[in-house]
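Scroll down for the structure; my scribbles are underneath it.
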Amino acid sequence: MIRHLKRGKDARARADDDTKVRAVVEGIIAAVEARGDAAVREYSRQFDQWDPADFRLSAADIEQARSSLSAREIEDIAFAQKQIRGFAQVQRDSMQDIEVETLPGVILGHKHIPVNAVGCYVPGGKYPMIASAHMSVLTAKVAGVKRVVATAPPYQGAPHPAIVTAMSMAGADEILVLGGVQAVVAMAVGTQTVAPVDMLVGPGNMYVAEAKRQLYGRVGIDLFAGPTETLVIADDSVDGEMCAVDLLGQAEHGPTSPAILLTDSEALARETMAQVERQLAILPTAGIARQSWADYGEVIVCDTRQEMLRTADELAYEHVQVMTRDPDFFLQNLTNFGALFLGPRTNVSFGDKVIGTNHTLPTNRNARYTGGLWVGKFLKTCTYQKVLTDEASAMVGEYCSRLCHMENFAGHGEQANLRVRRYGQRGEVPWYQPVPAQPA
């Protein structure tokens, strides 16, 4: 039996919040479409109190940002980027172009082609999300994207030097200091000074997530990444302090960040709830985390690990931290999650910042049908075909003609019929020599 010791906001209240956000975003998109840079600047002044002469940073601006960091800070950024680049490269190397002769004279294949231009949004108004620069810009560059535009809002009235440095070290071709919906729309639709991109990536608050949803189709997106979600699955092999730390460590992202404890131990559940209150009394970010826990925090108690598994799959959460005696049970059986963090020695913060996997992950139950951002998201897998002999063209044409007739597609059928008439006698294409596909 599943019991809720604590619930968050109900679905109706959350839907009302979504409706308000949707209307605001629609207005900003329409304004930027109509008035370009002027509208972008107005929203930047309104929301960020930011009105520079140019939103784009020069090479001198970027060097100034880097020079303001200590050697240790630059070394730490470099370490994180080495881990993320290394794992992204292994993923890219696993994706091969292919070419195969499926029938005599019929060649099919696919190529992995990088997207030409990508816009990377890096959150940074409330917390300077340095890691998001690695996750988006660097991964796009490993994939082979030619033009990467990176943008982040100002932090306390200025470009954040570590974000700017991380963007530059990751390989960004253009760096903007611009935040919120106005930044996302400017990159997607283009303005007088910002050339449009083909794809938007990166996490953000509910307004940025909604902007990406509304712009999807006009540009590609990585995924629908809204407020951070974390699910801690635990049994009594761990204690309430660790569970509370891992819940509040993600609840501090924002006031709408859900955090759930899922356990088969009511004693652990109650200990964790008490620990949450104790830690909220001393946590520097308690102002945000307390609201998040009050409105979106939940504690669910199950009788068995099978019930925990079913509940976790139904929730389909972004981050799933598993601290049980047998965490591999969930690795082998859980199907809906953004990323798994297995055992008490790891945690979501490792994945968010440094360990090497990407932290841009699906929220709002989208893990039912997609994984997170990775090098493959920046690649288009495009197919091609070649028919090399008259005999093959005529043979496939006969099948195609009959199938088109069943569907009443006369024009399609005539495309096939023409090949049957033209190539009904044997012949070969002498100029074609198959070339083995090479790794990209």
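Following the order of the structure tokens, first chain is A, next is B, and so on, with residues numbered from 1 inside each chain and ligands from 1 in the order they appear.
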
DSSP-assigned alpha helix (DSSP H) members of stretch 157-367 of chain A, reported as a PyMOL selection string | chain A and resi 161-170+180-189+206-215+240-251+266-280+286-296+305-315+328-333+348-353

May I have a table of the residues of stretch 192-306 of chain A lying at most 12 Å from stretch 24-37 of chain A, giving each one's closest pair of atoms and their distance in Å to one decimal, counting only C-alpha atoms, ordered by chain and ascending residue number, as CSV?
residue,atom,partner,partner_atom,distance
A:Gln192,CA,A:Asp37,CA,6.2
A:Thr193,CA,A:Asp37,CA,7.1
A:Val194,CA,A:Asp37,CA,8.4
A:Ala195,CA,A:Gly36,CA,11.2
A:Pro196,CA,A:Gly36,CA,11.6
A:Met206,CA,A:Val25,CA,9.9
A:Tyr207,CA,A:Val25,CA,6.6
A:Val208,CA,A:Val25,CA,8.4
A:Ala209,CA,A:Val25,CA,9.8
A:Glu210,CA,A:Val25,CA,6.9
A:Ala211,CA,A:Val25,CA,5.9
A:Lys212,CA,A:Val25,CA,9.7
A:Arg213,CA,A:Val25,CA,10.1
A:Gln214,CA,A:Glu26,CA,7.8
A:Leu215,CA,A:Ile29,CA,8.6

Any chance you could export the current selection's all heavy atoms as a compact mmCIF listing (two decimals), in the first residue's frame?
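Final output, saved to result-v6.txt:
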# COMPACT_ATOMS: atom_id res chain seq x y z
N GLN A 192 17.98 42.32 -35.37
CA GLN A 192 18.89 43.08 -36.23
C GLN A 192 20.36 42.77 -35.93
O GLN A 192 21.21 42.91 -36.81
CB GLN A 192 18.64 44.59 -36.07
CG GLN A 192 17.29 45.06 -36.57
CD GLN A 192 16.18 44.94 -35.53
OE1 GLN A 192 16.31 44.22 -34.53
NE2 GLN A 192 15.09 45.66 -35.74
N THR A 193 20.65 42.33 -34.71
CA THR A 193 22.05 42.10 -34.34
C THR A 193 22.37 40.65 -33.97
O THR A 193 23.54 40.32 -33.75
CB THR A 193 22.44 42.99 -33.13
OG1 THR A 193 21.60 42.67 -32.02
CG2 THR A 193 22.31 44.46 -33.48
N VAL A 194 21.37 39.81 -33.87
CA VAL A 194 21.58 38.40 -33.53
C VAL A 194 21.04 37.53 -34.65
O VAL A 194 19.83 37.53 -34.91
CB VAL A 194 20.88 38.02 -32.20
CG1 VAL A 194 21.13 36.55 -31.88
CG2 VAL A 194 21.36 38.91 -31.06
N ALA A 195 21.92 36.83 -35.34
CA ALA A 195 21.47 35.93 -36.41
C ALA A 195 20.77 34.72 -35.79
O ALA A 195 21.21 34.22 -34.74
CB ALA A 195 22.67 35.48 -37.24
N PRO A 196 19.70 34.24 -36.40
CA PRO A 196 18.96 33.13 -35.80
C PRO A 196 19.76 31.83 -35.82
O PRO A 196 20.63 31.62 -36.66
CB PRO A 196 17.71 33.02 -36.67
CG PRO A 196 18.11 33.61 -37.99
CD PRO A 196 19.10 34.70 -37.66
N MET A 206 10.68 28.35 -15.43
CA MET A 206 9.44 27.96 -16.11
C MET A 206 9.16 28.85 -17.33
O MET A 206 8.55 28.40 -18.30
CB MET A 206 8.27 28.02 -15.13
CG MET A 206 7.95 29.39 -14.58
SD MET A 206 6.54 29.37 -13.44
CE MET A 206 7.29 28.56 -12.04
N TYR A 207 9.64 30.09 -17.32
CA TYR A 207 9.40 30.98 -18.45
C TYR A 207 10.28 30.59 -19.64
O TYR A 207 9.82 30.57 -20.80
CB TYR A 207 9.67 32.43 -18.04
CG TYR A 207 8.66 32.96 -17.05
CD1 TYR A 207 8.89 32.90 -15.69
CD2 TYR A 207 7.46 33.51 -17.49
CE1 TYR A 207 7.96 33.37 -14.77
CE2 TYR A 207 6.51 33.98 -16.59
CZ TYR A 207 6.77 33.91 -15.23
OH TYR A 207 5.84 34.36 -14.34
N VAL A 208 11.53 30.29 -19.38
CA VAL A 208 12.42 29.84 -20.44
C VAL A 208 11.94 28.51 -21.02
O VAL A 208 11.93 28.31 -22.25
CB VAL A 208 13.87 29.71 -19.92
CG1 VAL A 208 14.76 28.99 -20.92
CG2 VAL A 208 14.43 31.08 -19.59
N ALA A 209 11.52 27.59 -20.16
CA ALA A 209 11.01 26.30 -20.64
C ALA A 209 9.77 26.49 -21.51
O ALA A 209 9.62 25.84 -22.56
CB ALA A 209 10.69 25.40 -19.45
N GLU A 210 8.89 27.39 -21.12
CA GLU A 210 7.68 27.64 -21.90
C GLU A 210 8.03 28.30 -23.24
O GLU A 210 7.42 28.01 -24.27
CB GLU A 210 6.71 28.52 -21.12
CG GLU A 210 5.48 28.97 -21.88
CD GLU A 210 4.57 27.82 -22.35
OE1 GLU A 210 4.68 26.71 -21.81
OE2 GLU A 210 3.77 28.05 -23.27
N ALA A 211 9.02 29.19 -23.23
CA ALA A 211 9.44 29.82 -24.48
C ALA A 211 9.96 28.78 -25.46
O ALA A 211 9.64 28.80 -26.66
CB ALA A 211 10.52 30.87 -24.21
N LYS A 212 10.74 27.83 -24.97
CA LYS A 212 11.25 26.77 -25.84
C LYS A 212 10.09 25.93 -26.38
O LYS A 212 10.09 25.53 -27.55
CB LYS A 212 12.25 25.90 -25.09
CG LYS A 212 13.59 26.58 -24.83
CD LYS A 212 14.46 25.81 -23.86
CE LYS A 212 14.89 24.48 -24.39
NZ LYS A 212 15.75 23.75 -23.42
N ARG A 213 9.10 25.67 -25.53
CA ARG A 213 7.94 24.88 -25.98
C ARG A 213 7.22 25.60 -27.10
O ARG A 213 6.85 24.99 -28.11
CB ARG A 213 6.99 24.63 -24.81
CG ARG A 213 5.86 23.65 -25.14
CD ARG A 213 4.79 23.63 -24.07
NE ARG A 213 4.06 24.88 -24.02
CZ ARG A 213 3.06 25.18 -24.87
NH1 ARG A 213 2.71 24.34 -25.82
NH2 ARG A 213 2.44 26.34 -24.77
N GLN A 214 7.01 26.91 -26.95
CA GLN A 214 6.28 27.67 -27.97
C GLN A 214 7.09 27.85 -29.25
O GLN A 214 6.52 27.97 -30.34
CB GLN A 214 5.85 29.02 -27.41
CG GLN A 214 4.79 28.92 -26.31
CD GLN A 214 4.22 30.26 -25.91
OE1 GLN A 214 4.23 31.22 -26.68
NE2 GLN A 214 3.70 30.36 -24.69
N LEU A 215 8.40 27.87 -29.14
CA LEU A 215 9.25 28.06 -30.32
C LEU A 215 9.59 26.76 -31.03
O LEU A 215 10.12 26.78 -32.14
CB LEU A 215 10.55 28.76 -29.90
CG LEU A 215 10.39 30.21 -29.45
CD1 LEU A 215 11.63 30.67 -28.69
CD2 LEU A 215 10.11 31.13 -30.62

Check the smallest atom-to-atom distance from each of A:Gly343, A:His110, A:Thr311, A:Ala188 to A:Ile98 using only C-alpha atoms, then report the winner.
->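 With only C-alpha atoms as the atom set, the closest residue is A:His110.
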
Backbone DSSP call of strand (DSSP E or B) for stretch 279-409 of chain A, listed as number ranges by chain | A: 297-301, 319-323, 339-342, 379-387, 389

Might you pull out every residue within 7 Å of stretch 120-129 of chain A, with only C-alpha atoms counted and same-chain residues fewer than 5 positions away left off, and present them as a VMD selection string?
-> chain A and resid 136 to 137 149 to 155 163 200 to 204

One decimal, Å: what's the distance from atom CA of A:Arg66 over to atom CA of A:Met169, could you say?
->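 Result for atom CA of A:Arg66 versus atom CA of A:Met169: 9.6 Å, one decimal.
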
Can you pull out every residue within 12 Å of A:Ala367, counting only C-alpha atoms, but drop anything in the same chain fewer than 3 positions away, and send it as number ranges by chain?
-> A: 223-225, 229, 312-320, 334-340, 360-364, 370-373

Find the spatial neighbours of A:Thr139, counting only C-alpha atoms, within a cut-off of 8 Å - ignore same-chain residues fewer than 4 positions away - and output them as a CSV table (one decimal) with C-alpha atoms, in the first residue's frame.
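Saved the output as out-v8.csv:
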chain,number,residue,atom,x,y,z
A,84,ILE,CA,32.3,16.3,-19.7
A,85,ARG,CA,34.3,16.5,-23.0
A,88,ALA,CA,30.8,13.3,-24.8
A,134,HIS,CA,30.0,23.0,-20.1
A,135,MET,CA,26.9,20.9,-20.7
A,143,ALA,CA,29.3,17.0,-31.9
A,374,TRP,CA,23.9,14.5,-25.1
A,375,VAL,CA,26.1,14.7,-28.1

Find the residues around A:Phe341 up to 9 Å (only C-alpha atoms counted), leave out those fewer than 5 positions away in its own chain, and share them as a VMD selection string.
-> chain A and resid 319 to 323 346 to 348 351

Store the residues of this selection in a file with N, CA and C atoms, as a tab-separated table (two decimals), in the first residue's frame.
chain	number	residue	atom	x	y	z
A	319	HIS	N	15.89	13.70	-11.93
A	319	HIS	CA	16.99	13.10	-11.18
A	319	HIS	C	16.43	12.03	-10.25
A	320	VAL	N	17.03	10.86	-10.28
A	320	VAL	CA	16.60	9.78	-9.39
A	320	VAL	C	17.82	9.30	-8.62
A	321	GLN	N	17.85	9.61	-7.33
A	321	GLN	CA	18.93	9.21	-6.44
A	321	GLN	C	18.51	7.93	-5.72
A	322	VAL	N	19.26	6.85	-5.91
A	322	VAL	CA	18.90	5.56	-5.32
A	322	VAL	C	19.89	5.22	-4.22
A	323	MET	N	19.39	5.14	-2.99
A	323	MET	CA	20.24	4.78	-1.85
A	323	MET	C	19.57	3.62	-1.12
A	346	THR	N	27.50	8.66	-4.48
A	346	THR	CA	27.29	9.66	-5.52
A	346	THR	C	26.06	10.47	-5.16
A	347	ASN	N	25.77	11.50	-5.93
A	347	ASN	CA	24.60	12.35	-5.67
A	347	ASN	C	24.34	13.21	-6.89
A	348	VAL	N	23.22	13.89	-6.90
A	348	VAL	CA	22.83	14.70	-8.06
A	348	VAL	C	23.80	15.84	-8.29
A	351	GLY	N	26.58	15.02	-10.66
A	351	GLY	CA	26.15	15.05	-12.05
A	351	GLY	C	25.89	16.46	-12.54

Can you tell me how far atom CA of A:Ala289 sits from atom CA of A:Cys243, in Å to one decimal?
-> 14.6 Å
